[in-house]
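Containing compact mmCIF, C-alpha atoms and all ligand atoms: query21.txt.
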```txt
# COMPACT_ATOMS: atom_id res chain seq x y z
CA MET A 1 0.00 0.00 0.00
CA THR A 2 1.37 3.43 -0.95
CA GLU A 3 1.61 6.41 1.39
CA LEU A 4 -1.39 7.99 -0.36
CA GLN A 5 -3.54 4.86 -0.07
CA SER A 6 -2.96 4.76 3.68
CA CYS A 7 -3.29 8.56 4.22
CA ARG A 8 -5.20 9.66 7.34
CA ARG A 9 -4.41 13.37 7.21
CA CYS A 10 -8.06 14.46 7.47
CA GLY A 11 -11.43 13.42 8.82
CA LEU A 12 -12.46 11.81 5.53
CA ALA A 13 -10.25 8.78 6.15
CA PRO A 14 -12.77 6.85 8.31
CA MET A 15 -15.57 7.46 5.76
CA ARG A 16 -13.84 5.88 2.78
CA THR A 17 -13.83 2.39 1.33
CA GLN A 18 -10.59 3.28 -0.42
CA VAL A 19 -8.52 6.28 -1.54
CA VAL A 20 -9.21 7.18 -5.17
CA THR A 21 -5.83 7.98 -6.71
CA GLY A 22 -5.17 9.87 -9.96
CA THR A 23 -5.28 8.03 -13.29
CA GLY A 24 -4.21 8.51 -16.90
CA SER A 25 -0.91 9.28 -18.55
CA ALA A 26 1.93 10.32 -16.23
CA SER A 27 3.47 12.22 -19.17
CA ALA A 28 0.23 14.07 -20.02
CA ARG A 29 0.40 17.75 -20.91
CA LEU A 30 -3.04 18.36 -19.41
CA MET A 31 -4.20 17.68 -15.89
CA PHE A 32 -7.92 17.68 -15.08
CA THR A 33 -8.86 18.07 -11.42
CA GLY A 34 -12.36 17.42 -10.08
CA GLU A 35 -13.85 17.79 -6.61
CA ALA A 36 -14.05 14.48 -4.76
CA PRO A 37 -14.93 10.81 -5.21
CA GLY A 38 -18.62 9.93 -5.00
CA LYS A 39 -20.23 6.66 -3.95
CA GLN A 40 -19.35 4.69 -7.09
CA GLU A 41 -15.80 6.05 -7.18
CA ASP A 42 -15.35 5.10 -3.53
CA LEU A 43 -16.49 1.54 -4.27
CA THR A 44 -14.55 1.03 -7.51
CA GLY A 45 -11.47 3.17 -6.83
CA VAL A 46 -11.85 4.78 -10.27
CA GLY A 47 -12.53 8.51 -10.64
CA PHE A 48 -15.44 10.10 -12.52
CA GLN A 49 -18.01 7.30 -12.77
CA GLY A 50 -21.80 7.47 -13.10
CA SER A 51 -23.69 10.42 -14.61
CA SER A 52 -20.99 13.04 -14.13
CA GLY A 53 -18.38 10.58 -15.42
CA LYS A 54 -20.43 10.11 -18.58
CA ILE A 55 -20.64 13.88 -19.09
CA PHE A 56 -16.91 14.18 -18.37
CA ASP A 57 -16.17 11.61 -21.10
CA GLU A 58 -18.29 13.72 -23.46
CA VAL A 59 -16.28 16.80 -22.49
CA LEU A 60 -13.15 14.91 -23.52
CA ALA A 61 -14.86 13.68 -26.72
CA TYR A 62 -15.77 17.24 -27.69
CA LEU A 63 -12.17 18.34 -27.08
CA GLY A 64 -10.79 15.40 -29.09
CA LEU A 65 -9.18 13.78 -26.04
CA THR A 66 -9.49 10.50 -24.14
CA ARG A 67 -8.70 9.63 -20.52
CA ASP A 68 -5.41 8.15 -21.77
CA ASP A 69 -4.32 11.60 -23.02
CA ILE A 70 -4.66 13.35 -19.66
CA TRP A 71 -3.96 13.01 -15.94
CA LEU A 72 -7.18 13.00 -13.93
CA ASN A 73 -7.46 13.48 -10.17
CA ASN A 74 -9.58 15.13 -7.50
CA ALA A 75 -9.06 17.93 -4.98
CA VAL A 76 -9.70 15.40 -2.20
CA ARG A 77 -9.03 11.70 -2.64
CA CYS A 78 -11.57 10.26 -0.18
CA ARG A 79 -15.36 10.44 -0.42
CA PRO A 80 -16.99 13.16 1.73
CA THR A 81 -20.25 11.87 3.18
CA GLU A 82 -21.99 11.99 6.52
CA THR A 83 -24.60 9.28 6.07
CA GLY A 84 -22.93 6.88 3.63
CA GLN A 85 -25.66 7.62 1.09
CA LYS A 86 -25.39 11.28 0.17
CA ASN A 87 -22.16 12.92 -1.02
CA ARG A 88 -21.26 16.32 0.37
CA THR A 89 -18.90 19.10 -0.69
CA PRO A 90 -15.45 18.78 0.89
CA LEU A 91 -14.70 21.28 3.65
CA PRO A 92 -11.89 23.81 3.13
CA ILE A 93 -9.91 22.07 5.91
CA GLU A 94 -10.16 18.76 3.99
CA VAL A 95 -9.09 20.45 0.75
CA GLU A 96 -6.09 21.96 2.54
CA ALA A 97 -5.16 18.60 4.09
CA CYS A 98 -5.26 16.89 0.70
CA ARG A 99 -3.44 19.64 -1.23
CA PRO A 100 0.01 18.02 -0.82
CA TRP A 101 -1.24 15.06 -2.89
CA LEU A 102 -2.39 17.46 -5.60
CA MET A 103 1.00 19.18 -5.52
CA ALA A 104 2.71 15.78 -5.71
CA ASP A 105 0.77 14.94 -8.90
CA LEU A 106 1.68 18.34 -10.30
CA ALA A 107 5.38 17.84 -9.58
CA ARG A 108 5.38 14.36 -11.10
CA VAL A 109 3.26 14.94 -14.24
CA ARG A 110 4.34 18.54 -14.87
CA PRO A 111 1.36 19.49 -17.11
CA VAL A 112 1.49 22.62 -19.25
CA ILE A 113 -2.09 23.46 -18.27
CA MET A 114 -4.51 22.43 -15.55
CA VAL A 115 -8.25 22.27 -16.14
CA THR A 116 -10.26 22.49 -12.94
CA LEU A 117 -13.80 21.12 -12.78
CA GLY A 118 -15.95 23.14 -10.42
CA LYS A 119 -15.51 25.63 -7.62
CA THR A 120 -13.79 23.30 -5.12
CA ALA A 121 -11.15 22.17 -7.61
CA PHE A 122 -10.44 25.76 -8.67
CA TYR A 123 -10.01 26.76 -5.02
CA ALA A 124 -7.78 23.75 -4.32
CA VAL A 125 -5.46 24.61 -7.19
CA THR A 126 -5.38 28.42 -6.97
CA GLY A 127 -6.58 29.36 -3.48
CA GLU A 128 -9.07 31.65 -5.23
CA PRO A 129 -12.64 31.35 -3.89
CA ASP A 130 -14.32 33.39 -6.66
CA PHE A 131 -14.86 30.69 -9.28
CA ALA A 132 -17.62 32.57 -11.15
CA GLN A 133 -15.32 35.49 -11.97
CA TYR A 134 -12.76 33.28 -13.72
CA ARG A 135 -14.84 30.47 -15.24
CA GLY A 136 -14.12 29.86 -18.93
CA ARG A 137 -10.91 31.85 -19.25
CA LEU A 138 -7.27 31.34 -18.48
CA TYR A 139 -6.20 32.04 -14.89
CA PRO A 140 -2.54 33.08 -14.66
CA ALA A 141 -0.61 30.58 -12.57
CA ASP A 142 2.25 28.12 -13.01
CA PRO A 143 0.99 26.13 -14.82
CA PRO A 144 -1.95 28.21 -16.09
CA VAL A 145 -5.39 27.07 -14.99
CA PHE A 146 -8.55 26.90 -17.08
CA PRO A 147 -11.66 26.69 -14.82
CA LEU A 148 -14.68 24.78 -16.11
CA ALA A 149 -17.89 24.06 -14.21
CA HIS A 150 -18.10 20.54 -12.78
CA PRO A 151 -19.76 18.13 -15.27
CA ALA A 152 -22.36 17.29 -12.57
CA TYR A 153 -23.60 20.88 -12.98
CA LEU A 154 -25.09 19.83 -16.32
CA ILE A 155 -27.03 16.80 -15.07
CA TYR A 156 -30.21 18.76 -14.37
CA ARG A 157 -29.39 21.95 -16.30
CA ARG A 158 -29.74 21.39 -20.03
CA ALA A 159 -30.13 25.17 -20.45
CA ALA A 160 -26.51 25.56 -19.33
CA LEU A 161 -25.19 23.40 -22.18
CA GLY A 162 -24.61 26.31 -24.58
CA ALA A 163 -22.49 28.30 -22.11
CA TYR A 164 -20.52 25.15 -21.24
CA ARG A 165 -19.91 24.51 -24.96
CA ASP A 166 -18.61 28.09 -25.34
CA ASP A 167 -16.11 27.43 -22.54
CA LEU A 168 -15.00 24.20 -24.22
CA ASP A 169 -14.54 26.06 -27.51
CA GLN A 170 -12.31 28.58 -25.71
CA LEU A 171 -10.29 25.76 -24.18
CA ARG A 172 -9.97 23.89 -27.46
CA ASP A 173 -8.72 27.06 -29.22
CA LEU A 174 -6.19 27.57 -26.46
CA LEU A 175 -4.90 23.99 -26.65
CA THR A 176 -4.61 24.28 -30.43
CA THR A 177 -2.63 27.53 -30.07
CA TRP A 178 -0.28 25.73 -27.68
CA ASN A 179 0.22 22.86 -30.16
CA ILE A 180 -1.31 20.29 -27.84
CA PRO A 181 -2.36 17.44 -30.13
CA LEU A 182 -6.13 16.99 -30.33
CA ASN A 183 -8.14 14.55 -32.40
CA PRO A 184 -11.29 15.65 -34.24
CA PRO A 185 -14.24 15.97 -31.84
CA ARG A 186 -16.29 12.81 -31.34
CA PRO A 187 -20.10 12.99 -31.06
CA SER A 188 -21.30 14.25 -27.70
CA ARG A 189 -24.09 16.29 -26.11
CA PHE A 190 -21.95 19.36 -26.92
CA SER A 191 -21.99 18.66 -30.68
CA SER A 192 -24.21 21.15 -32.44
S1 LIG A 201 -8.98 13.18 1.66
FE1 LIG A 201 -6.81 13.38 1.18
S2 LIG A 201 -5.87 14.17 3.07
FE2 LIG A 201 -7.91 13.36 3.63
S3 LIG A 201 -7.47 11.24 4.28
FE3 LIG A 201 -8.05 11.19 2.09
S4 LIG A 201 -6.08 11.24 0.96
FE4 LIG A 201 -5.69 11.93 3.09
```

Transcribe the structure of this file into C-alpha cells.
Ligand code: SF4
Amino acid sequence: MTELQSCRRCGLAPMRTQVVTGTGSASARLMFTGEAPGKQEDLTGVGFQGSSGKIFDEVLAYLGLTRDDIWLNNAVRCRPTETGQKNRTPLPIEVEACRPWLMADLARVRPVIMVTLGKTAFYAVTGEPDFAQYRGRLYPADPPVFPLAHPAYLIYRRAALGAYRDDLDQLRDLLTTWNIPLNPPRPSRFSS
C-alpha cells in the first residue's frame, strides 16, 4: 500500500472504502482536477463514474481527447459523506489537508495546463474562492489554470449546455494555439 492509499491526514479517512488515486498518462500535458470521489468512485477506486463521469467523457470527446491523453485526479481523494448515502462538498480544511497530494501529482506529471472542474477544484489549485469570476478563461498561474464548471452541474441543467460549450470552444482554441495534439471531436451532447 502506498503512502497515499494509507493517508489519514483528514477526517475523511474513516468514511472511505478506499482512496481514489489519480489516473491517466503520467506524461500528459493536461491535468484535469475534479472535486471528490462519490459513492461509485469510492467503491470502484476509479474517478469520474456514473452520470458526471459520462458527461466528463463527453467533455473529452468534444475536445478530441481521451482519458489516456490526460492526468485525472480530485481535490480530495476520499469520499466526503456523513450518512454513507449522500455525497457532500469537501470542507476547506479537507481540501487543505489533501493539497500536498495534488501538488505531488503536479510535480510528477508537470502538465502545461490544468483544467479544474468546479468551484472546489479551482479553489484547491489556486486558493481563489471566486470561481464565477474566472470560469471559462485562463487564470494566470504556473501552470496556467482553465476553470470549467463541474460536469455534474449539467445533469439537471440542459439550459446551461450552450455556455458550457462556449467554454469548451475557448479551451480547445487555447490547446490548439499551444500545439497540444487533439483529435477531431467525437459525437457528444456538446456537438451542435
Ligand atoms: S482526503 Fe486526502 S488528506 Fe484526507 S485522508 Fe483522504 S487522501 Fe488523506

**Request:** Can you work out the spacing between atom CA of A:Cys78 and atom CA of A:Arg137 in Å, to one decimal?
**Result:** 28.8 Å

**Message:** Excluding A:Trp178 and its own-chain neighbours fewer than 6 positions away, which residues fall within 12 Å of it when counting only C-alpha atoms? Please give them as a PyMOL selection string.
**Reply:** chain A and resi 29-30+112-113+144+171-172

**A:Thr81 environment, 9 Å, all atoms listed in the file, sequence neighbours closer than 4 positions dropped, as an NGL selection string** = :A and (12 or 15-16 or 38-39 or 85-90)

**Selected residue of minimal separation from ligand LIG 201 (chain A) among A:Thr21, A:Val76, A:Trp71, A:Glu35, counting all atoms listed in the file** =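 Once distances to ligand LIG 201 (chain A) are computed over all atoms listed in the file, the minimum belongs to A:Val76.
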
**Item:** Nearest to ligand LIG 201 (chain A) by atom-to-atom distance, counting all atoms listed in the file, from A:Tyr62, A:Phe56, A:Phe32, A:Trp101
**Value:**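 Among the listed residues, the smallest separation from ligand LIG 201 (chain A) belongs to A:Trp101.
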
Once 6 Å is added on each side, what are the centre and the three edge lengths, in Å to one decimal, of the axis-aligned box enclosing the listed atoms of ligand LIG 201 (chain A)? Present them as AutoDock Vina command-line options.
```
--center_x -7.3 --center_y 12.7 --center_z 2.6 --size_x 15.3 --size_y 15.0 --size_z 15.3
```

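With all atoms listed in the file as the atoms that count, the residue of A:Ala36, A:Ala97, A:Met31, A:Leu91 with the shortest distance to ligand LIG 201 (chain A) is A:Ala97.
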
**Item:** Pick from A:Asn73, A:Lys54, A:Ala26, A:Gly64 nearest to ligand LIG 201 (chain A), counting all atoms listed in the file
**Value:**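 Checking each candidate against ligand LIG 201 (chain A), we get A:Asn73 as the closest.
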
Do you have, as CSV, the list of residues of chain A lying at most 7 Å from ligand LIG 201 (chain A), each with its nearest atom pair and that distance in Å to one decimal, counting all atoms listed in the file and ordered by chain then number?
```
residue,atom,partner,partner_atom,distance
A:Leu4,CA,A:LIG201,S4,5.9
A:Gln5,CA,A:LIG201,S4,6.9
A:Cys7,CA,A:LIG201,FE4,4.3
A:Arg8,CA,A:LIG201,S3,4.1
A:Arg9,CA,A:LIG201,S2,4.5
A:Cys10,CA,A:LIG201,FE2,4.0
A:Gly11,CA,A:LIG201,FE2,6.3
A:Leu12,CA,A:LIG201,FE2,5.2
A:Ala13,CA,A:LIG201,S3,4.2
A:Val19,CA,A:LIG201,S4,6.1
A:Val76,CA,A:LIG201,S1,4.5
A:Arg77,CA,A:LIG201,S1,4.5
A:Cys78,CA,A:LIG201,FE3,4.3
A:Glu94,CA,A:LIG201,FE2,5.9
A:Ala97,CA,A:LIG201,S2,4.6
A:Cys98,CA,A:LIG201,S2,3.7
```

**Request:** List every protein, DNA or RNA residue that has an atom no more than 12 Å from (-1.7, 18.5, -7.3) in the file's coordinate frame, counting only C-alpha atoms, and report them as a PyMOL selection string.
**Result:** chain A and resi 21-22+31-34+71-77+95-111+114-116+121-126+142-143

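Between atom CA of A:Gln133 and atom CA of A:Glu58 lies a distance of 24.8 Å.
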
**Request:** Could you give me, as a ChimeraX atom specification, the residues within 9 Å of A:Asp57, counting only C-alpha atoms and dropping anything in the same chain fewer than 4 positions from it?
**Result:** /A:48,52-53,61-62,65-67,188

**Message:** Quick one: residues within 6 Å of A:Pro37, all atoms listed in the file, excluding same-chain residues fewer than 2 positions away - as a list in words?
**Reply:**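 Result of the neighbour search: Glu41, Asp42 and Arg79 of chain A.
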
**Request:** List every protein, DNA or RNA residue that has at least one atom no more than 6 Å from (-16.8, 28.8, -13.7) in the file's coordinates, counting all atoms listed in the file, and write the result as a list in words.
**Result:** Phe131, Ala132, Arg135, Gly136, Pro147, Leu148 and Ala149 of chain A

Starting from the sparse input, extend stretch 158-173 of chain A to N, CA, C and O atoms and give the output as a JSON list (two decimals), keeping the file's coordinate frame.
```json
[["chain", "number", "residue", "atom", "x", "y", "z"],
["A", 158, "ARG", "N", -29.99, 21.44, -18.59],
["A", 158, "ARG", "CA", -29.74, 21.39, -20.03],
["A", 158, "ARG", "C", -29.58, 22.80, -20.60],
["A", 158, "ARG", "O", -28.88, 23.01, -21.59],
["A", 159, "ALA", "N", -30.21, 23.80, -19.96],
["A", 159, "ALA", "CA", -30.13, 25.17, -20.45],
["A", 159, "ALA", "C", -28.71, 25.72, -20.35],
["A", 159, "ALA", "O", -28.37, 26.70, -21.01],
["A", 160, "ALA", "N", -27.88, 25.07, -19.52],
["A", 160, "ALA", "CA", -26.51, 25.56, -19.33],
["A", 160, "ALA", "C", -25.54, 24.98, -20.37],
["A", 160, "ALA", "O", -24.36, 25.34, -20.39],
["A", 161, "LEU", "N", -26.05, 24.11, -21.23],
["A", 161, "LEU", "CA", -25.19, 23.40, -22.18],
["A", 161, "LEU", "C", -24.47, 24.35, -23.13],
["A", 161, "LEU", "O", -23.28, 24.18, -23.42],
["A", 162, "GLY", "N", -25.20, 25.38, -23.61],
["A", 162, "GLY", "CA", -24.61, 26.31, -24.58],
["A", 162, "GLY", "C", -23.43, 27.06, -24.00],
["A", 162, "GLY", "O", -22.37, 27.18, -24.64],
["A", 163, "ALA", "N", -23.58, 27.55, -22.75],
["A", 163, "ALA", "CA", -22.49, 28.30, -22.11],
["A", 163, "ALA", "C", -21.30, 27.37, -21.86],
["A", 163, "ALA", "O", -20.14, 27.77, -22.00],
["A", 164, "TYR", "N", -21.60, 26.11, -21.49],
["A", 164, "TYR", "CA", -20.52, 25.15, -21.24],
["A", 164, "TYR", "C", -19.76, 24.88, -22.56],
["A", 164, "TYR", "O", -18.54, 24.81, -22.59],
["A", 165, "ARG", "N", -20.54, 24.73, -23.65],
["A", 165, "ARG", "CA", -19.91, 24.51, -24.96],
["A", 165, "ARG", "C", -19.00, 25.69, -25.33],
["A", 165, "ARG", "O", -17.90, 25.49, -25.85],
["A", 166, "ASP", "N", -19.45, 26.91, -25.05],
["A", 166, "ASP", "CA", -18.61, 28.09, -25.34],
["A", 166, "ASP", "C", -17.28, 28.01, -24.59],
["A", 166, "ASP", "O", -16.22, 28.33, -25.13],
["A", 167, "ASP", "N", -17.35, 27.57, -23.32],
["A", 167, "ASP", "CA", -16.11, 27.43, -22.54],
["A", 167, "ASP", "C", -15.21, 26.36, -23.15],
["A", 167, "ASP", "O", -13.98, 26.53, -23.21],
["A", 168, "LEU", "N", -15.81, 25.27, -23.60],
["A", 168, "LEU", "CA", -15.00, 24.20, -24.22],
["A", 168, "LEU", "C", -14.38, 24.68, -25.53],
["A", 168, "LEU", "O", -13.24, 24.32, -25.85],
["A", 169, "ASP", "N", -15.10, 25.50, -26.27],
["A", 169, "ASP", "CA", -14.54, 26.06, -27.51],
["A", 169, "ASP", "C", -13.33, 26.93, -27.19],
["A", 169, "ASP", "O", -12.31, 26.89, -27.90],
["A", 170, "GLN", "N", -13.45, 27.73, -26.14],
["A", 170, "GLN", "CA", -12.31, 28.58, -25.71],
["A", 170, "GLN", "C", -11.11, 27.70, -25.36],
["A", 170, "GLN", "O", -9.98, 27.99, -25.74],
["A", 171, "LEU", "N", -11.38, 26.64, -24.61],
["A", 171, "LEU", "CA", -10.29, 25.76, -24.18],
["A", 171, "LEU", "C", -9.67, 25.06, -25.37],
["A", 171, "LEU", "O", -8.44, 24.98, -25.49],
["A", 172, "ARG", "N", -10.49, 24.59, -26.28],
["A", 172, "ARG", "CA", -9.97, 23.89, -27.46],
["A", 172, "ARG", "C", -9.09, 24.83, -28.29],
["A", 172, "ARG", "O", -8.01, 24.44, -28.75],
["A", 173, "ASP", "N", -9.53, 26.08, -28.48],
["A", 173, "ASP", "CA", -8.72, 27.06, -29.22],
["A", 173, "ASP", "C", -7.37, 27.27, -28.55],
["A", 173, "ASP", "O", -6.33, 27.34, -29.20]]
```
